Amino acid sequence: MKLAAQLYTVRMFTNTDDEVCKMFERIRKAGYEAVQLSGIKAYNPQNIARALKENGLSVCSTHNSLDRIVKETDALIEEHRLFGTSYIGLGYFRGNSLEEYQNLLRDLQPALEKIAAAGMRFTYHNHAHEFIKFDGVRPIDYMKEHTDREKFFFLPDMYWVQTAGASPARFLADFSGRTPIVHFKDMKVAQEEGKNNMAEIYEGNMDYDTIYAECLNQKVEWVVVEQDFCDRDPFESLAISYKNLTQKFRFENAQPRG
């Protein structure tokens with residue numbers, strides 16, 4: 001199992017090509033050797049690929065808009081070849097009925113076929129709203145039951161699964177074989193009502209001992225650290241999570257930091 005940083009965490013430092021290059025330098029200094037591409041505002045594939053190489057960073061996966069996945073599938077496939085990753089991810093979708101999720105699967109089908117034919121994998125990243133029941137059915141379960149397990153994979157966010165009132169470890173077991181990548185971020189109790197309750201790994205209250213063990217059981221390939229909102233410099237938050245995780249667990253591409 002390998003460790004990566006989700007770049008959505010540092011999206012505010014990606015407004016220009018130069019900022020993107022400096023951002024990669026800071027990610028590498030925080031300890032990470034791999035990233036998930038997401039939230040980059042100055043999205044220049046050639047510049048990104050060059051900066052990744054210069055900083056010795058690999059790419060585990062990406063997040064993309066539904067529009068790009070459906071309408072620019074061929075271009076996305078070529079970009080992923082440039083980045084050296086085979087995982088093409090949908091970062092966000094919210095339906096307000098089961099029918100909207102049914103329509104999503106219909107609209108995605110041609111792209112799923114192309115992605116699979118190219119030897120790549122599609123991943124769906126969840127938030128909490130996929131657990132809202134419509135006529136007793138959770139969309140996350142509907143998508144699992146109505147998609148090809150060889151062409152439609154899930155990238156579960158442990159924080160959002162917990163927020164939805166579900167068990168992260170149980171979720172991984174229930175979706176066995178379909179979660180090659182997972183997101184880690186922790187949940188704290190906010191001191192003030194309505195304030196940020198996202199935290200660095202092991203700085204909150206989630207049971208990451210059990211979650212990590214289940215990731216091993218399910219042969220998860222990548223653990224990706226993400227923190228949408230930070231109470232400190234986001235690079236510092238990523239470094240804290242890296243330190244806490246690598247001191248406690250083993251990752252193929254990471255070394256413990258003091």
# chains A, B, ... in the order shown; residues from 1 in each chain; ligands from 1
$ residues_around --residues "His146 (chain A)" --least-positions-apart "4" --cutoff "10 Å" --atoms "only C-alpha atoms" --output "PyMOL selection string"
chain A and resi 102+105+141-142+152
$ select_by_dssp --residues "region 54-249 of chain A" --states "strand (DSSP E or B)" --output "VMD selection string"
chain A and resid 58 to 62 64 87 to 90 121 to 125 134 137 152 to 155 157 181 to 184 186 to 187 198 to 199 222 to 225
$ residues_around --residues "Ala239 (chain A)" --least-positions-apart "2" --cutoff "9 Å" --atoms "only C-alpha atoms" --output "JSON, numbers by chain"
{"A": [27, 29, 30, 31, 32, 200, 234, 235, 236, 237, 241, 242, 243, 244]}
$ residues_around --residues "region 114-124 of chain A" --least-positions-apart "2" --cutoff "9 Å" --atoms "only C-alpha atoms" --output "VMD selection string"
chain A and resid 61 63 73 to 74 77 80 85 to 93 109 to 112 126 150 to 156 178 to 181
$ closest_residue --among "A:Asn47, A:Glu33, A:Ser97, A:Tyr212" --to "Arg138 (chain A)" --atoms "only C-alpha atoms"
A:Ser97
$ closest_residue --among "A:Glu79, A:Arg26, A:Gln6, A:Glu145" --to "Asp233 (chain A)" --atoms "only C-alpha atoms"
A:Arg26
$ closest_residue --among "A:Tyr43, A:Phe229, A:Trp222, A:Tyr8" --to "Glu252 (chain A)" --atoms "only C-alpha atoms"
A:Trp222
